[in-house]
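J.: Structure file input-v5.cif (mmCIF, C-alpha atoms) right here:
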data_model
loop_
_atom_site.group_PDB
_atom_site.id
_atom_site.type_symbol
_atom_site.label_atom_id
_atom_site.label_comp_id
_atom_site.auth_asym_id
_atom_site.auth_seq_id
_atom_site.Cartn_x
_atom_site.Cartn_y
_atom_site.Cartn_z
ATOM 1 C CA THR C 1 4.671 16.425 -6.917
ATOM 2 C CA LYS C 2 2.168 13.590 -6.532
ATOM 3 C CA THR C 3 2.446 10.055 -7.878
ATOM 4 C CA VAL C 4 -0.603 7.795 -8.150
ATOM 5 C CA LEU C 5 -0.070 4.143 -9.070
ATOM 6 C CA GLN C 6 -2.496 1.252 -9.315
ATOM 7 C CA TYR C 7 -1.740 -2.410 -8.643
ATOM 8 C CA ARG C 8 -3.837 -5.549 -8.936
ATOM 9 C CA THR C 9 -2.951 -8.080 -6.239
ATOM 10 C CA PRO C 10 -2.573 -11.603 -7.633
ATOM 11 C CA LYS C 11 -4.783 -14.419 -6.359
ATOM 12 C CA ASN C 12 -1.754 -16.320 -5.035
ATOM 13 C CA ALA C 13 -0.214 -13.379 -3.103
ATOM 14 C CA ALA C 14 -1.414 -14.611 0.297
ATOM 15 C CA LEU C 15 0.130 -18.027 -0.286
ATOM 16 C CA LEU C 16 3.422 -16.436 -1.291
ATOM 17 C CA TYR C 17 3.476 -14.242 1.820
ATOM 18 C CA ARG C 18 3.085 -17.300 4.048
ATOM 19 C CA LEU C 19 6.836 -17.599 3.470
ATOM 20 C CA SER C 20 7.182 -14.636 5.872
ATOM 21 C CA GLY C 21 6.202 -17.032 8.664
ATOM 22 C CA ASP C 22 2.608 -15.849 9.148
ATOM 23 C CA TYR C 23 0.486 -19.009 8.918
ATOM 24 C CA ASN C 24 -2.745 -17.477 10.213
ATOM 25 C CA PRO C 25 -5.615 -19.181 8.317
ATOM 26 C CA ILE C 26 -7.356 -15.831 7.609
ATOM 27 C CA HIS C 27 -4.769 -15.345 4.861
ATOM 28 C CA VAL C 28 -5.792 -18.461 2.905
ATOM 29 C CA GLU C 29 -9.384 -19.225 3.910
ATOM 30 C CA ASP C 30 -12.606 -17.288 3.465
ATOM 31 C CA ASN C 31 -12.975 -14.361 5.849
ATOM 32 C CA ILE C 32 -15.020 -16.076 8.554
ATOM 33 C CA PHE C 33 -15.240 -12.803 10.472
ATOM 34 C CA GLY C 34 -17.221 -11.029 7.746
ATOM 35 C CA SER C 35 -20.471 -12.745 8.738
ATOM 36 C CA GLY C 36 -21.428 -10.212 11.403
ATOM 37 C CA ASN C 37 -21.849 -12.938 14.039
ATOM 38 C CA ARG C 38 -19.328 -11.566 16.546
ATOM 39 C CA SER C 39 -20.530 -8.871 18.941
ATOM 40 C CA SER C 40 -17.719 -6.492 17.959
ATOM 41 C CA ASP C 41 -18.693 -6.886 14.296
ATOM 42 C CA ASN C 42 -22.299 -6.088 15.162
ATOM 43 C CA ARG C 43 -21.178 -2.864 16.841
ATOM 44 C CA GLN C 44 -19.120 -2.016 13.751
ATOM 45 C CA ASP C 45 -22.092 -2.859 11.494
ATOM 46 C CA ALA C 46 -24.272 -0.484 13.527
ATOM 47 C CA ARG C 47 -21.680 2.282 13.134
ATOM 48 C CA ASP C 48 -21.569 1.560 9.393
ATOM 49 C CA GLY C 49 -25.359 1.738 9.161
ATOM 50 C CA ASN C 50 -25.875 -2.007 8.580
ATOM 51 C CA SER C 51 -27.732 -2.534 11.893
ATOM 52 C CA GLY C 52 -26.378 -6.040 12.436
ATOM 53 C CA GLU C 53 -27.116 -7.380 8.960
ATOM 54 C CA LYS C 54 -24.824 -10.094 7.698
ATOM 55 C CA THR C 55 -22.092 -8.802 5.428
ATOM 56 C CA PRO C 56 -20.900 -10.813 2.424
ATOM 57 C CA LYS C 57 -17.743 -12.860 2.800
ATOM 58 C CA ARG C 58 -14.815 -11.356 0.932
ATOM 59 C CA GLY C 59 -12.315 -14.210 0.960
ATOM 60 C CA ALA C 60 -8.830 -14.393 2.401
ATOM 61 C CA ILE C 61 -7.259 -11.276 3.910
ATOM 62 C CA LEU C 62 -4.008 -10.184 2.314
ATOM 63 C CA HIS C 63 -0.969 -9.922 4.619
ATOM 64 C CA GLY C 64 -0.205 -6.395 5.808
ATOM 65 C CA LEU C 65 3.384 -7.025 4.736
ATOM 66 C CA CYS C 66 2.181 -7.484 1.148
ATOM 67 C CA THR C 67 0.097 -4.290 1.269
ATOM 68 C CA MET C 68 3.125 -2.446 2.649
ATOM 69 C CA GLY C 69 5.208 -3.900 -0.181
ATOM 70 C CA TYR C 70 2.936 -2.306 -2.774
ATOM 71 C CA ALA C 71 3.049 1.025 -0.922
ATOM 72 C CA LEU C 72 6.848 0.995 -0.756
ATOM 73 C CA ARG C 73 7.082 -0.017 -4.400
ATOM 74 C CA ALA C 74 5.201 3.191 -5.241
ATOM 75 C CA VAL C 75 7.360 5.225 -2.808
ATOM 76 C CA LEU C 76 10.544 3.969 -4.471
ATOM 77 C CA GLN C 77 9.164 4.644 -7.939
ATOM 78 C CA HIS C 78 8.204 8.177 -6.842
ATOM 79 C CA ALA C 79 11.700 8.700 -5.407
ATOM 80 C CA ASP C 80 13.324 7.383 -8.573
ATOM 81 C CA ASN C 81 11.171 9.566 -10.851
ATOM 82 C CA HIS C 82 11.222 12.805 -8.854
ATOM 83 C CA HIS C 83 14.279 12.889 -6.588
ATOM 84 C CA ARG C 84 17.188 11.113 -8.209
ATOM 85 C CA MET C 85 18.965 13.920 -10.059
ATOM 86 C CA ASN C 86 21.600 12.145 -12.132
ATOM 87 C CA LYS C 87 19.977 8.956 -13.402
ATOM 88 C CA SER C 88 22.700 8.231 -15.950
ATOM 89 C CA HIS C 89 25.352 7.791 -13.246
ATOM 90 C CA GLY C 90 23.270 5.703 -10.894
ATOM 91 C CA GLY C 91 22.812 6.630 -7.294
ATOM 92 C CA GLU C 92 21.196 4.358 -4.803
ATOM 93 C CA ILE C 93 17.897 5.138 -3.119
ATOM 94 C CA LYS C 94 18.059 3.962 0.490
ATOM 95 C CA LEU C 95 14.847 3.720 2.464
ATOM 96 C CA THR C 96 15.658 4.912 5.996
ATOM 97 C CA SER C 97 12.294 4.730 7.802
ATOM 98 C CA VAL C 98 8.642 3.872 7.195
ATOM 99 C CA ARG C 99 5.504 4.170 9.282
ATOM 100 C CA CYS C 100 1.777 3.993 8.571
ATOM 101 C CA ASN C 101 -1.599 3.010 9.993
ATOM 102 C CA PHE C 102 -3.472 0.014 8.599
ATOM 103 C CA VAL C 103 -7.139 1.023 8.869
ATOM 104 C CA LYS C 104 -9.005 -1.686 6.915
ATOM 105 C CA PRO C 105 -8.130 -5.091 5.482
ATOM 106 C CA VAL C 106 -7.177 -5.787 1.887
ATOM 107 C CA TYR C 107 -8.506 -8.996 0.364
ATOM 108 C CA VAL C 108 -6.725 -11.329 -2.027
ATOM 109 C CA GLY C 109 -7.401 -10.188 -5.589
ATOM 110 C CA ASP C 110 -8.251 -6.583 -4.650
ATOM 111 C CA SER C 111 -6.848 -3.706 -6.663
ATOM 112 C CA LEU C 112 -4.880 -1.031 -4.849
ATOM 113 C CA ARG C 113 -4.258 2.625 -5.576
ATOM 114 C CA VAL C 114 -1.202 4.153 -3.894
ATOM 115 C CA GLU C 115 -0.832 7.919 -3.638
ATOM 116 C CA VAL C 116 2.618 9.334 -2.827
ATOM 117 C CA TRP C 117 3.468 13.008 -2.405
ATOM 118 C CA ASP C 118 6.413 15.057 -1.155
ATOM 119 C CA GLU C 119 6.561 16.583 2.288
ATOM 120 C CA GLU C 120 8.602 19.722 2.705
ATOM 121 C CA ASP C 121 11.040 19.279 5.569
ATOM 122 C CA ARG C 122 14.170 21.349 5.170
ATOM 123 C CA THR C 123 15.509 20.352 8.597
ATOM 124 C CA ARG C 124 16.287 16.771 7.503
ATOM 125 C CA ARG C 125 18.949 15.581 5.135
ATOM 126 C CA ASP C 126 16.754 12.660 4.077
ATOM 127 C CA LYS C 127 13.809 13.202 1.739
ATOM 128 C CA THR C 128 10.343 12.657 3.217
ATOM 129 C CA VAL C 129 7.213 11.522 1.387
ATOM 130 C CA ARG C 130 3.706 10.762 2.576
ATOM 131 C CA PHE C 131 1.526 7.972 1.208
ATOM 132 C CA ARG C 132 -1.943 6.449 1.402
ATOM 133 C CA VAL C 133 -3.285 3.188 0.006
ATOM 134 C CA PHE C 134 -6.846 2.669 -1.243
ATOM 135 C CA ARG C 135 -8.700 -0.510 -2.154
ATOM 136 C CA CYS C 136 -10.575 0.343 -5.317
ATOM 137 C CA VAL C 137 -13.196 -1.081 -7.625
ATOM 138 C CA GLY C 138 -12.480 -1.082 -11.343
ATOM 139 C CA CYS C 139 -8.804 -0.149 -11.020
ATOM 140 C CA ALA C 140 -6.460 -0.397 -13.947
ATOM 141 C CA GLY C 141 -3.650 -2.904 -14.221
ATOM 142 C CA ASP C 142 -0.325 -3.257 -12.488
ATOM 143 C CA GLY C 143 1.845 -0.177 -12.075
ATOM 144 C CA GLU C 144 -0.340 2.087 -14.194
ATOM 145 C CA GLU C 145 -0.737 5.734 -13.323
ATOM 146 C CA GLN C 146 -4.412 6.507 -12.812
ATOM 147 C CA ASN C 147 -6.407 8.954 -10.729
ATOM 148 C CA HIS C 148 -10.038 8.760 -11.818
ATOM 149 C CA TYR C 149 -11.285 6.014 -9.453
ATOM 150 C CA GLU C 150 -11.529 8.101 -6.307
ATOM 151 C CA ARG C 151 -15.274 7.670 -5.869
ATOM 152 C CA ASP C 152 -14.962 3.849 -5.816
ATOM 153 C CA ALA C 153 -12.028 3.693 -3.402
ATOM 154 C CA GLU C 154 -11.795 2.847 0.285
ATOM 155 C CA MET C 155 -8.749 3.839 2.324
ATOM 156 C CA VAL C 156 -6.860 0.860 3.768
ATOM 157 C CA VAL C 157 -3.551 2.525 4.791
ATOM 158 C CA ASP C 158 -3.446 6.068 6.149
ATOM 159 C CA LYS C 159 -0.822 8.467 7.508
ATOM 160 C CA GLY C 160 2.015 6.761 5.672
ATOM 161 C CA LYS C 161 5.395 8.431 5.973
ATOM 162 C CA ALA C 162 8.618 7.235 4.371
ATOM 163 C CA GLN C 163 12.090 8.731 4.496
ATOM 164 C CA PHE C 164 14.892 7.921 2.096
ATOM 165 C CA SER C 165 18.292 9.176 1.085
ATOM 166 C CA ILE C 166 20.011 9.119 -2.278
ATOM 167 C CA CYS C 167 23.632 8.025 -2.163
ATOM 168 C CA GLY C 168 26.162 8.244 -4.971
ATOM 169 C CA SER C 169 27.271 5.022 -6.580
ATOM 170 C CA GLU C 170 30.203 4.234 -8.814
ATOM 171 C CA THR C 171 28.689 1.018 -10.072
ATOM 172 C CA GLY C 172 25.145 2.274 -10.566
ATOM 173 C CA VAL C 173 21.856 0.705 -9.559
ATOM 174 C CA ILE C 174 20.425 -2.265 -11.398
ATOM 175 C CA GLY C 175 16.875 -1.643 -10.167
ATOM 176 C CA THR C 176 15.090 0.042 -7.293
ATOM 177 C CA VAL C 177 11.581 -1.320 -7.799
ATOM 178 C CA SER C 178 10.628 -4.828 -6.762
ATOM 179 C CA ARG C 179 8.525 -6.962 -9.059
ATOM 180 C CA LEU C 180 6.010 -8.726 -6.861
#
Turn this file's structure into structure tokens for me.
T.:
Amino acid sequence: TKTVLQYRTPKNAALLYRLSGDYNPIHVEDNIFGSGNRSSDNRQDARDGNSGEKTPKRGAILHGLCTMGYALRAVLQHADNHHRMNKSHGGEIKLTSVRCNFVKPVYVGDSLRVEVWDEEDRTRRDKTVRFRVFRCVGCAGDGEEQNHYERDAEMVVDKGKAQFSICGSETGVIGTVSRL
């Protein structure tokens, strides 16, 4: 089963994530590295077919922690929708491990599409899902299920893997999805 969710990152997300202790100015100022002036950027531009041309500035780069938050929000929603058997009696979804590769930056105000799907692994007691995150143009609003923007999307997180377990609960769960 595959879950595809879309999120629009708010303009103030980078300022909020400064509370994590990351005060790097790239998260609040224009992306000064997008100008193509550095030698490593010129090599990347050549690989991308830009042959050293200046690239437009995109603005502040969103914290990786924020991007991961959107991915895990989708993972937890997928787990809640597809793996929690007895929803009326609660049951807590516990995230046990997460890993992924950040392959490109996300910019403040970008829209994200998160794809989550099940991985069959009968040797583990925990459930395993895979996920990818795309930066997309023309995405729908927050938390909406969409899947028709694939041609306008660029992968920003790849090879995501999350494991979780579902534990019984006598008191139930108030909520398993964060509201960023």
J.: Could you check which of C:Ala79, C:Val108, C:Leu95, C:Leu65 is closest to Val157 (chain C), using only C-alpha atoms?
T.: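 Between C:Ala79, C:Val108, C:Leu95, C:Leu65, the residue approaching Val157 (chain C) most closely is C:Leu65.
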J.: Run the PyMOL selection byres ((chain C and resi 125-136) around 7) mentally over the shown coordinates, then write out the matched residues as a ChimeraX atom specification, using the chain letters and numbers from the document.
T.: /C:71,106,110-119,123-124,137-139,152-165
J.: Could you please take those selected residues and save C-alpha atoms as a PDB file, in the coordinates of the input?
T.:
ATOM      1  CA  ALA C  71       3.049   1.025  -0.922  1.00  0.00           C
ATOM      2  CA  VAL C 106      -7.177  -5.787   1.887  1.00  0.00           C
ATOM      3  CA  ASP C 110      -8.251  -6.583  -4.650  1.00  0.00           C
ATOM      4  CA  SER C 111      -6.848  -3.706  -6.663  1.00  0.00           C
ATOM      5  CA  LEU C 112      -4.880  -1.031  -4.849  1.00  0.00           C
ATOM      6  CA  ARG C 113      -4.258   2.625  -5.576  1.00  0.00           C
ATOM      7  CA  VAL C 114      -1.202   4.153  -3.894  1.00  0.00           C
ATOM      8  CA  GLU C 115      -0.832   7.919  -3.638  1.00  0.00           C
ATOM      9  CA  VAL C 116       2.618   9.334  -2.827  1.00  0.00           C
ATOM     10  CA  TRP C 117       3.468  13.008  -2.405  1.00  0.00           C
ATOM     11  CA  ASP C 118       6.413  15.057  -1.155  1.00  0.00           C
ATOM     12  CA  GLU C 119       6.561  16.583   2.288  1.00  0.00           C
ATOM     13  CA  THR C 123      15.509  20.352   8.597  1.00  0.00           C
ATOM     14  CA  ARG C 124      16.287  16.771   7.503  1.00  0.00           C
ATOM     15  CA  VAL C 137     -13.196  -1.081  -7.625  1.00  0.00           C
ATOM     16  CA  GLY C 138     -12.480  -1.082 -11.343  1.00  0.00           C
ATOM     17  CA  CYS C 139      -8.804  -0.149 -11.020  1.00  0.00           C
ATOM     18  CA  ASP C 152     -14.962   3.849  -5.816  1.00  0.00           C
ATOM     19  CA  ALA C 153     -12.028   3.693  -3.402  1.00  0.00           C
ATOM     20  CA  GLU C 154     -11.795   2.847   0.285  1.00  0.00           C
ATOM     21  CA  MET C 155      -8.749   3.839   2.324  1.00  0.00           C
ATOM     22  CA  VAL C 156      -6.860   0.860   3.768  1.00  0.00           C
ATOM     23  CA  VAL C 157      -3.551   2.525   4.791  1.00  0.00           C
ATOM     24  CA  ASP C 158      -3.446   6.068   6.149  1.00  0.00           C
ATOM     25  CA  LYS C 159      -0.822   8.467   7.508  1.00  0.00           C
ATOM     26  CA  GLY C 160       2.015   6.761   5.672  1.00  0.00           C
ATOM     27  CA  LYS C 161       5.395   8.431   5.973  1.00  0.00           C
ATOM     28  CA  ALA C 162       8.618   7.235   4.371  1.00  0.00           C
ATOM     29  CA  GLN C 163      12.090   8.731   4.496  1.00  0.00           C
ATOM     30  CA  PHE C 164      14.892   7.921   2.096  1.00  0.00           C
ATOM     31  CA  SER C 165      18.292   9.176   1.085  1.00  0.00           C
TER      32      SER C 165
END
J.: Have a look at C:Val4, C:Ala60, C:Leu76, C:Cys66 and name the one nearest to Leu16 (chain C); count all atoms listed in the file.
T.: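 With all atoms listed in the file as the atom set, the closest residue is C:Cys66.
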J.: For CA of Pro10 (chain C) and CA of Lys94 (chain C), determine how far apart the two atoms are, in Å to one decimal place.
T.: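 Interatomic distance, CA of Pro10 (chain C) to CA of Lys94 (chain C): 27.1 Å.
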J.: As an exercise, work out the distance from CA of Lys104 (chain C) to CA of Thr67 (chain C) in Å and give it to one decimal place.
T.: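 Result for CA of Lys104 (chain C) versus CA of Thr67 (chain C): 11.0 Å, one decimal.
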J.: Between CA of Arg18 (chain C) and CA of Val98 (chain C), measure the distance and give it in Å to one decimal.
T.: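 So the answer is 22.1 Å.
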